[in-house]
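Worksheet: the structure to be examined is printed underneath.
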Amino acid sequence: MVEIPRNQKAVEQNVLGLPVDRNIIFSNHKGTYKQGIEKRQTKLLQKISFIKPFLKEDEKILLVTTGCSPISILEQLLTGWIVFYLRRSLFVFTNKRIFHIPTKINYSYRNSIAQILYADCQTIEMKGRTLVVKYKNGKKEKFYYMGGKEKKKIKALLKTISLEGIQSKTAGRIHLCPRCTKELIEDEYSCPNCRLEFKSKAETKRISIVYPGGGYFYTGHPWLGVGDAITESILLLFVVLTLVDALQGGENGFTSFAVFSIILALEKAITVYHSNHFIKEYIPKEKEIKPIATSQ
(Lines give C-alpha, C1' and ligand atoms only; values in the text may rest on other atoms or scores of the structure.)
Protein backbone atom coordinates (compact mmCIF):
# COMPACT_ATOMS: atom_id res chain seq x y z
CA MET A 1 0.00 0.00 0.00
CA VAL A 2 1.37 3.40 -0.98
CA GLU A 3 2.13 5.89 1.78
CA ILE A 4 0.30 9.19 1.22
CA PRO A 5 1.80 12.24 2.96
CA ARG A 6 -0.43 13.87 5.57
CA ASN A 7 -0.72 17.07 3.55
CA GLN A 8 -2.36 15.15 0.71
CA LYS A 9 -5.89 13.82 0.75
CA ALA A 10 -6.10 10.22 -0.32
CA VAL A 11 -9.62 10.85 -1.63
CA GLU A 12 -8.39 13.53 -4.02
CA GLN A 13 -7.82 11.83 -7.36
CA ASN A 14 -7.37 14.83 -9.69
CA VAL A 15 -4.03 16.44 -10.49
CA LEU A 16 -4.04 19.51 -12.74
CA GLY A 17 -7.64 18.64 -13.55
CA LEU A 18 -6.73 15.15 -14.80
CA PRO A 19 -8.04 11.93 -13.25
CA VAL A 20 -5.16 9.93 -11.79
CA ASP A 21 -4.63 7.05 -9.40
CA ARG A 22 -2.38 8.66 -6.77
CA ASN A 23 -1.56 5.31 -5.20
CA ILE A 24 0.14 4.30 -8.44
CA ILE A 25 1.30 7.40 -10.31
CA PHE A 26 3.29 8.88 -7.40
CA SER A 27 4.84 5.60 -6.21
CA ASN A 28 7.89 3.65 -7.32
CA HIS A 29 7.93 0.09 -8.67
CA LYS A 30 7.61 -1.22 -5.11
CA GLY A 31 4.48 0.83 -4.43
CA THR A 32 6.20 3.35 -2.15
CA TYR A 33 5.40 7.06 -2.43
CA LYS A 34 8.35 9.23 -3.51
CA GLN A 35 8.30 13.02 -3.57
CA GLY A 36 10.72 13.07 -6.53
CA ILE A 37 8.37 10.85 -8.52
CA GLU A 38 5.43 13.12 -7.75
CA LYS A 39 7.43 16.11 -8.97
CA ARG A 40 8.43 14.42 -12.24
CA GLN A 41 4.97 12.98 -12.91
CA THR A 42 3.33 16.35 -12.25
CA LYS A 43 5.74 17.95 -14.72
CA LEU A 44 4.86 15.34 -17.35
CA LEU A 45 1.14 15.74 -16.63
CA GLN A 46 1.52 19.42 -17.55
CA LYS A 47 2.67 18.27 -21.00
CA ILE A 48 -0.60 16.35 -21.55
CA SER A 49 -3.09 18.95 -20.32
CA PHE A 50 -5.03 18.44 -23.58
CA ILE A 51 -5.80 14.77 -22.92
CA LYS A 52 -8.92 14.99 -20.74
CA PRO A 53 -11.46 14.89 -23.63
CA PHE A 54 -9.86 11.65 -24.83
CA LEU A 55 -10.39 9.85 -21.51
CA LYS A 56 -13.37 7.66 -20.83
CA GLU A 57 -15.58 8.38 -17.81
CA ASP A 58 -13.99 5.77 -15.57
CA GLU A 59 -10.46 6.00 -16.97
CA LYS A 60 -7.56 6.99 -14.71
CA ILE A 61 -3.95 7.85 -15.53
CA LEU A 62 -1.46 5.49 -13.91
CA LEU A 63 1.85 6.68 -15.36
CA VAL A 64 3.33 9.17 -17.84
CA THR A 65 6.74 8.65 -19.43
CA THR A 66 8.89 9.57 -22.41
CA GLY A 67 10.11 7.49 -25.34
CA CYS A 68 10.25 7.28 -29.14
CA SER A 69 7.82 6.31 -31.87
CA PRO A 70 8.56 3.10 -33.82
CA ILE A 71 11.60 3.59 -36.10
CA SER A 72 12.52 1.34 -39.03
CA ILE A 73 16.09 0.10 -39.50
CA LEU A 74 16.30 1.91 -42.85
CA GLU A 75 15.18 5.14 -41.21
CA GLN A 76 17.92 4.77 -38.59
CA LEU A 77 20.55 4.12 -41.27
CA LEU A 78 19.50 7.10 -43.40
CA THR A 79 19.07 9.59 -40.56
CA GLY A 80 21.45 8.42 -37.85
CA TRP A 81 21.14 9.16 -34.13
CA ILE A 82 19.15 12.36 -34.71
CA VAL A 83 16.11 10.26 -35.65
CA PHE A 84 15.56 9.46 -31.96
CA TYR A 85 15.09 13.17 -31.29
CA LEU A 86 12.80 13.59 -34.29
CA ARG A 87 10.56 10.72 -33.13
CA ARG A 88 10.26 11.74 -29.48
CA SER A 89 6.95 10.83 -27.85
CA LEU A 90 5.05 10.79 -24.59
CA PHE A 91 3.34 7.65 -23.30
CA VAL A 92 0.35 7.71 -20.97
CA PHE A 93 -0.55 4.45 -19.25
CA THR A 94 -4.14 4.30 -17.99
CA ASN A 95 -6.26 1.50 -16.59
CA LYS A 96 -7.65 0.85 -20.10
CA ARG A 97 -4.93 1.62 -22.65
CA ILE A 98 -1.66 3.31 -23.54
CA PHE A 99 -1.75 6.67 -25.28
CA HIS A 100 1.13 7.19 -27.69
CA ILE A 101 1.66 10.91 -28.32
CA PRO A 102 4.24 11.91 -30.97
CA THR A 103 5.75 15.24 -29.89
CA LYS A 104 8.21 17.94 -30.84
CA ILE A 105 11.81 17.70 -29.59
CA ASN A 106 10.83 19.46 -26.32
CA TYR A 107 7.93 17.01 -25.79
CA SER A 108 5.30 19.61 -26.65
CA TYR A 109 2.05 18.48 -28.29
CA ARG A 110 1.88 18.24 -32.10
CA ASN A 111 -1.88 17.57 -32.29
CA SER A 112 -1.11 13.90 -32.88
CA ILE A 113 -2.28 11.10 -30.61
CA ALA A 114 -2.74 7.32 -30.89
CA GLN A 115 -4.05 4.62 -28.60
CA ILE A 116 -3.06 1.05 -27.80
CA LEU A 117 -5.93 -0.77 -26.16
CA TYR A 118 -4.77 -3.47 -23.76
CA ALA A 119 -7.44 -5.74 -25.24
CA ASP A 120 -5.78 -5.37 -28.67
CA CYS A 121 -2.46 -6.71 -27.37
CA GLN A 122 -1.25 -10.27 -27.30
CA THR A 123 1.75 -9.31 -25.16
CA ILE A 124 3.32 -6.09 -23.81
CA GLU A 125 6.77 -6.25 -22.27
CA MET A 126 9.81 -4.16 -21.48
CA LYS A 127 13.17 -5.30 -22.87
CA GLY A 128 15.78 -2.97 -21.47
CA ARG A 129 14.38 0.46 -22.29
CA THR A 130 12.35 -0.80 -25.26
CA LEU A 131 8.60 -1.34 -25.00
CA VAL A 132 7.69 -4.29 -27.25
CA VAL A 133 4.02 -4.65 -28.17
CA LYS A 134 2.66 -7.67 -30.04
CA TYR A 135 -0.86 -7.07 -31.29
CA LYS A 136 -3.64 -9.55 -31.86
CA ASN A 137 -3.62 -8.62 -35.57
CA GLY A 138 -0.17 -10.22 -35.86
CA LYS A 139 1.88 -7.00 -36.00
CA LYS A 140 4.65 -6.04 -33.60
CA GLU A 141 5.96 -2.59 -32.69
CA LYS A 142 8.95 -1.40 -30.67
CA PHE A 143 9.02 1.91 -28.83
CA TYR A 144 12.61 2.86 -28.02
CA TYR A 145 14.30 4.77 -25.21
CA MET A 146 11.39 4.66 -22.77
CA GLY A 147 12.01 6.88 -19.76
CA GLY A 148 14.82 5.39 -17.69
CA LYS A 149 13.27 6.68 -14.47
CA GLU A 150 10.03 4.81 -15.24
CA LYS A 151 11.56 1.60 -16.64
CA LYS A 152 11.09 -0.50 -13.49
CA LYS A 153 7.71 1.06 -12.84
CA ILE A 154 6.46 0.11 -16.31
CA LYS A 155 7.57 -3.49 -15.77
CA ALA A 156 5.74 -3.66 -12.46
CA LEU A 157 2.66 -1.97 -13.92
CA LEU A 158 2.43 -4.34 -16.89
CA LYS A 159 2.24 -7.29 -14.51
CA THR A 160 -1.03 -5.93 -13.15
CA ILE A 161 -2.62 -5.16 -16.53
CA SER A 162 -5.20 -7.51 -18.02
CA LEU A 163 -5.18 -8.00 -21.81
CA GLU A 164 -8.71 -9.39 -21.78
CA GLY A 165 -11.69 -7.45 -23.05
CA ILE A 166 -13.34 -6.24 -26.24
CA GLN A 167 -10.78 -5.51 -28.91
CA SER A 168 -11.09 -2.88 -31.63
CA LYS A 169 -11.59 -3.55 -35.35
CA THR A 170 -7.93 -2.95 -36.11
CA ALA A 171 -6.63 -4.92 -33.09
CA GLY A 172 -3.57 -2.65 -33.15
CA ARG A 173 -2.34 0.89 -32.54
CA ILE A 174 -4.73 3.43 -34.04
CA HIS A 175 -4.56 7.22 -34.24
CA LEU A 176 -7.33 9.39 -32.84
CA CYS A 177 -8.70 12.64 -34.21
CA PRO A 178 -7.24 15.52 -32.17
CA ARG A 179 -10.51 17.42 -32.49
CA CYS A 180 -13.38 14.96 -31.99
CA THR A 181 -11.26 12.19 -30.33
CA LYS A 182 -12.73 9.47 -32.58
CA GLU A 183 -10.67 6.74 -34.25
CA LEU A 184 -9.10 7.57 -37.62
CA ILE A 185 -8.95 5.20 -40.56
CA GLU A 186 -5.47 4.05 -41.54
CA ASP A 187 -4.10 5.80 -44.67
CA GLU A 188 -7.17 8.06 -44.91
CA TYR A 189 -6.21 11.64 -44.14
CA SER A 190 -9.59 13.04 -43.20
CA CYS A 191 -11.52 12.30 -39.99
CA PRO A 192 -14.65 10.26 -40.87
CA ASN A 193 -16.51 11.91 -37.98
CA CYS A 194 -15.69 15.66 -37.94
CA ARG A 195 -13.96 15.89 -41.36
CA LEU A 196 -10.77 17.40 -39.97
CA GLU A 197 -8.17 17.34 -42.76
CA PHE A 198 -4.67 15.94 -42.28
CA LYS A 199 -1.54 16.34 -44.35
CA SER A 200 -1.31 13.53 -46.92
CA LYS A 201 1.35 11.38 -48.52
CA ALA A 202 0.40 12.54 -52.03
CA GLU A 203 0.87 16.21 -51.15
CA THR A 204 4.09 15.43 -49.28
CA LYS A 205 5.50 13.66 -52.33
CA ARG A 206 4.59 16.55 -54.65
CA ILE A 207 6.09 19.20 -52.37
CA SER A 208 9.23 17.13 -51.74
CA ILE A 209 9.87 16.77 -55.48
CA VAL A 210 9.09 20.38 -56.44
CA TYR A 211 10.69 22.30 -53.56
CA PRO A 212 14.14 21.70 -52.00
CA GLY A 213 13.51 20.47 -48.44
CA GLY A 214 9.79 20.89 -49.03
CA GLY A 215 8.74 17.59 -47.45
CA TYR A 216 10.42 18.43 -44.16
CA PHE A 217 8.96 21.94 -44.02
CA TYR A 218 5.51 20.48 -44.82
CA THR A 219 5.71 17.95 -41.97
CA GLY A 220 6.90 20.52 -39.43
CA HIS A 221 10.66 19.87 -39.34
CA PRO A 222 12.18 23.22 -40.42
CA TRP A 223 15.79 22.47 -39.38
CA LEU A 224 15.82 19.30 -41.45
CA GLY A 225 14.18 21.30 -44.24
CA VAL A 226 16.93 23.94 -44.19
CA GLY A 227 19.70 21.32 -44.29
CA ASP A 228 17.98 19.39 -47.06
CA ALA A 229 17.25 22.56 -49.04
CA ILE A 230 20.94 23.54 -48.97
CA THR A 231 22.03 20.05 -50.06
CA GLU A 232 19.46 19.85 -52.86
CA SER A 233 20.26 23.37 -54.09
CA ILE A 234 23.97 22.53 -54.35
CA LEU A 235 23.20 19.30 -56.19
CA LEU A 236 20.80 21.12 -58.51
CA LEU A 237 23.50 23.69 -59.28
CA PHE A 238 25.92 20.91 -60.22
CA VAL A 239 23.25 19.29 -62.40
CA VAL A 240 22.75 22.56 -64.29
CA LEU A 241 26.49 23.27 -64.60
CA THR A 242 27.30 19.76 -65.83
CA LEU A 243 24.40 19.90 -68.31
CA VAL A 244 25.68 23.20 -69.72
CA ASP A 245 29.17 21.73 -69.89
CA ALA A 246 27.84 18.65 -71.70
CA LEU A 247 25.90 20.73 -74.23
CA GLN A 248 29.07 22.72 -74.93
CA GLY A 249 30.93 19.52 -75.70
CA GLY A 250 32.84 19.19 -72.42
CA GLU A 251 34.67 15.96 -71.77
CA ASN A 252 32.63 13.55 -69.58
CA GLY A 253 29.96 16.26 -69.39
CA PHE A 254 26.99 13.92 -69.83
CA THR A 255 28.52 11.38 -67.43
CA SER A 256 28.86 14.03 -64.71
CA PHE A 257 25.37 15.26 -65.48
CA ALA A 258 23.95 11.73 -65.09
CA VAL A 259 25.84 11.14 -61.81
CA PHE A 260 24.65 14.37 -60.16
CA SER A 261 21.11 13.83 -61.47
CA ILE A 262 21.02 10.37 -59.86
CA ILE A 263 22.37 11.73 -56.57
CA LEU A 264 19.73 14.51 -56.60
CA ALA A 265 16.99 11.95 -57.34
CA LEU A 266 18.19 9.78 -54.45
CA GLU A 267 18.18 12.81 -52.13
CA LYS A 268 14.61 13.56 -53.18
CA ALA A 269 13.62 9.92 -52.62
CA ILE A 270 15.07 9.97 -49.10
CA THR A 271 13.14 13.16 -48.34
CA VAL A 272 9.91 11.54 -49.55
CA TYR A 273 10.64 8.40 -47.50
CA HIS A 274 11.27 10.34 -44.28
CA SER A 275 8.33 12.68 -44.82
CA ASN A 276 5.95 9.76 -45.36
CA HIS A 277 6.95 8.36 -41.97
CA PHE A 278 6.10 11.69 -40.34
CA ILE A 279 2.79 11.79 -42.25
CA LYS A 280 1.80 8.48 -40.63
CA GLU A 281 1.51 10.41 -37.35
CA TYR A 282 -1.53 12.24 -38.79
CA ILE A 283 -0.55 15.92 -38.77
CA PRO A 284 -3.59 18.24 -39.05
CA LYS A 285 -3.52 20.97 -41.70
CA GLU A 286 -4.88 23.37 -39.09
CA LYS A 287 -2.25 24.66 -36.64
CA GLU A 288 -4.52 25.10 -33.62
CA ILE A 289 -6.87 22.26 -32.67
CA LYS A 290 -9.18 22.31 -29.67
CA PRO A 291 -10.37 18.84 -28.58
CA ILE A 292 -14.12 18.52 -28.24
CA ALA A 293 -15.35 16.26 -25.46
CA THR A 294 -17.64 13.59 -26.91
CA SER A 295 -19.49 10.65 -25.42
CA GLN A 296 -17.11 7.71 -25.47
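Residues in the C-alpha coordinates are numbered from 1 in each chain, the chains being A, B, ... in the order shown, and ligands are numbered from 1 in the order shown.
For Lys43 (chain A), the non-local neighbours within 12 Å, defined as residues at least 5 positions apart in the same chain or in other chains and counting only C-alpha atoms, are Val15, Leu16, Phe26, Gly36, Ile37, Glu38, Ile48, Ser49, Leu63, Val64, Thr65, Thr66 and Tyr107 of chain A.
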Can you write out the residues you just picked, keeping N, CA and C atoms, as an mmCIF file, in the first residue's frame?
data_model
loop_
_atom_site.group_PDB
_atom_site.id
_atom_site.type_symbol
_atom_site.label_atom_id
_atom_site.label_comp_id
_atom_site.auth_asym_id
_atom_site.auth_seq_id
_atom_site.Cartn_x
_atom_site.Cartn_y
_atom_site.Cartn_z
ATOM 1 N N VAL A 15 -5.252 15.643 -10.513
ATOM 2 C CA VAL A 15 -4.029 16.436 -10.493
ATOM 3 C C VAL A 15 -4.031 17.276 -11.758
ATOM 4 N N LEU A 16 -3.981 18.589 -11.603
ATOM 5 C CA LEU A 16 -4.043 19.509 -12.735
ATOM 6 C C LEU A 16 -5.312 19.294 -13.559
ATOM 7 N N PHE A 26 2.269 8.220 -8.207
ATOM 8 C CA PHE A 26 3.295 8.881 -7.395
ATOM 9 C C PHE A 26 4.147 7.899 -6.597
ATOM 10 N N GLY A 36 10.077 12.813 -5.242
ATOM 11 C CA GLY A 36 10.724 13.073 -6.526
ATOM 12 C C GLY A 36 9.886 12.568 -7.691
ATOM 13 N N ILE A 37 9.237 11.414 -7.481
ATOM 14 C CA ILE A 37 8.373 10.847 -8.524
ATOM 15 C C ILE A 37 7.152 11.734 -8.725
ATOM 16 N N GLU A 38 6.583 12.222 -7.631
ATOM 17 C CA GLU A 38 5.428 13.120 -7.745
ATOM 18 C C GLU A 38 5.802 14.374 -8.544
ATOM 19 N N ILE A 48 0.566 17.007 -20.930
ATOM 20 C CA ILE A 48 -0.596 16.355 -21.549
ATOM 21 C C ILE A 48 -1.908 16.972 -21.055
ATOM 22 N N SER A 49 -1.890 18.266 -20.826
ATOM 23 C CA SER A 49 -3.088 18.949 -20.322
ATOM 24 C C SER A 49 -4.271 18.843 -21.281
ATOM 25 N N LEU A 63 0.443 6.359 -15.166
ATOM 26 C CA LEU A 63 1.852 6.675 -15.361
ATOM 27 C C LEU A 63 2.022 7.470 -16.652
ATOM 28 N N VAL A 64 2.948 8.429 -16.628
ATOM 29 C CA VAL A 64 3.328 9.169 -17.835
ATOM 30 C C VAL A 64 4.838 9.038 -17.985
ATOM 31 N N THR A 65 5.305 8.772 -19.201
ATOM 32 C CA THR A 65 6.736 8.648 -19.430
ATOM 33 C C THR A 65 7.095 9.109 -20.830
ATOM 34 N N THR A 66 8.387 9.152 -21.110
ATOM 35 C CA THR A 66 8.885 9.574 -22.414
ATOM 36 C C THR A 66 9.371 8.367 -23.203
ATOM 37 N N TYR A 107 9.086 17.773 -26.282
ATOM 38 C CA TYR A 107 7.932 17.009 -25.788
ATOM 39 C C TYR A 107 6.640 17.830 -25.755
#
Quick one: contact table of region 67-158 of chain A to region 208-222 of chain A, 10 Å max, nearest atom pair and distance in Å to one decimal per residue, counting only C-alpha atoms, chain and number order, as a tab-separated table?
residue	atom	partner	partner_atom	distance
A:Leu86	CA	A:His221	CA	8.3
A:Lys104	CA	A:His221	CA	9.1
A:Arg110	CA	A:Gly220	CA	9.2
_as a ChimeraX atom specification, please: every residue in region 135-267 of chain A that a backbone DSSP assignment puts in helix (DSSP H, G or I)._
/A:148-158,201-210,214-218,222-247,253-267
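Within region 155-238 of chain A, residues classed as strand (DSSP E or B) by DSSP on backbone coordinates are Ile174, His175, Leu176, Glu183, Ser190, Glu197 and Phe198 of chain A.
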Using only N, CA and C atoms, please write the residues we just selected to a file, as a CSV table (one decimal), in the first residue's frame.
chain,number,residue,atom,x,y,z
A,174,ILE,N,-3.9,2.6,-33.1
A,174,ILE,CA,-4.7,3.4,-34.0
A,174,ILE,C,-4.7,4.9,-33.6
A,175,HIS,N,-4.6,5.8,-34.6
A,175,HIS,CA,-4.6,7.2,-34.2
A,175,HIS,C,-6.0,7.7,-34.0
A,176,LEU,N,-6.1,8.8,-33.2
A,176,LEU,CA,-7.3,9.4,-32.8
A,176,LEU,C,-7.4,10.8,-33.4
A,183,GLU,N,-11.7,7.5,-33.6
A,183,GLU,CA,-10.7,6.7,-34.3
A,183,GLU,C,-10.6,7.2,-35.7
A,190,SER,N,-8.5,12.2,-43.5
A,190,SER,CA,-9.6,13.0,-43.2
A,190,SER,C,-10.4,12.3,-42.1
A,197,GLU,N,-9.1,17.7,-41.7
A,197,GLU,CA,-8.2,17.3,-42.8
A,197,GLU,C,-6.7,17.2,-42.2
A,198,PHE,N,-6.1,16.2,-42.7
A,198,PHE,CA,-4.7,15.9,-42.3
A,198,PHE,C,-3.8,16.0,-43.5
_Selection near Glu125 (chain A), 8 Å with only C-alpha atoms, sequence-local residues under 4 positions removed, as a VMD selection string_ = chain A and resid 131 to 133 155 158
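In terms of minimum interatomic distance to Asn106 (chain A), A:Lys47 ranks closest within A:Lys290, A:Lys149, A:Lys47, A:Arg195, counting only C-alpha atoms.
Using only C-alpha atoms, the shortest contact distance between Phe278 (chain A) and any of A:Pro102, A:Gly80, A:Pro53, A:Gly31 is found at A:Pro102.
The two atoms in question, CA of Arg97 (chain A) and CA of Ala119 (chain A), are spaced 8.2 Å apart.
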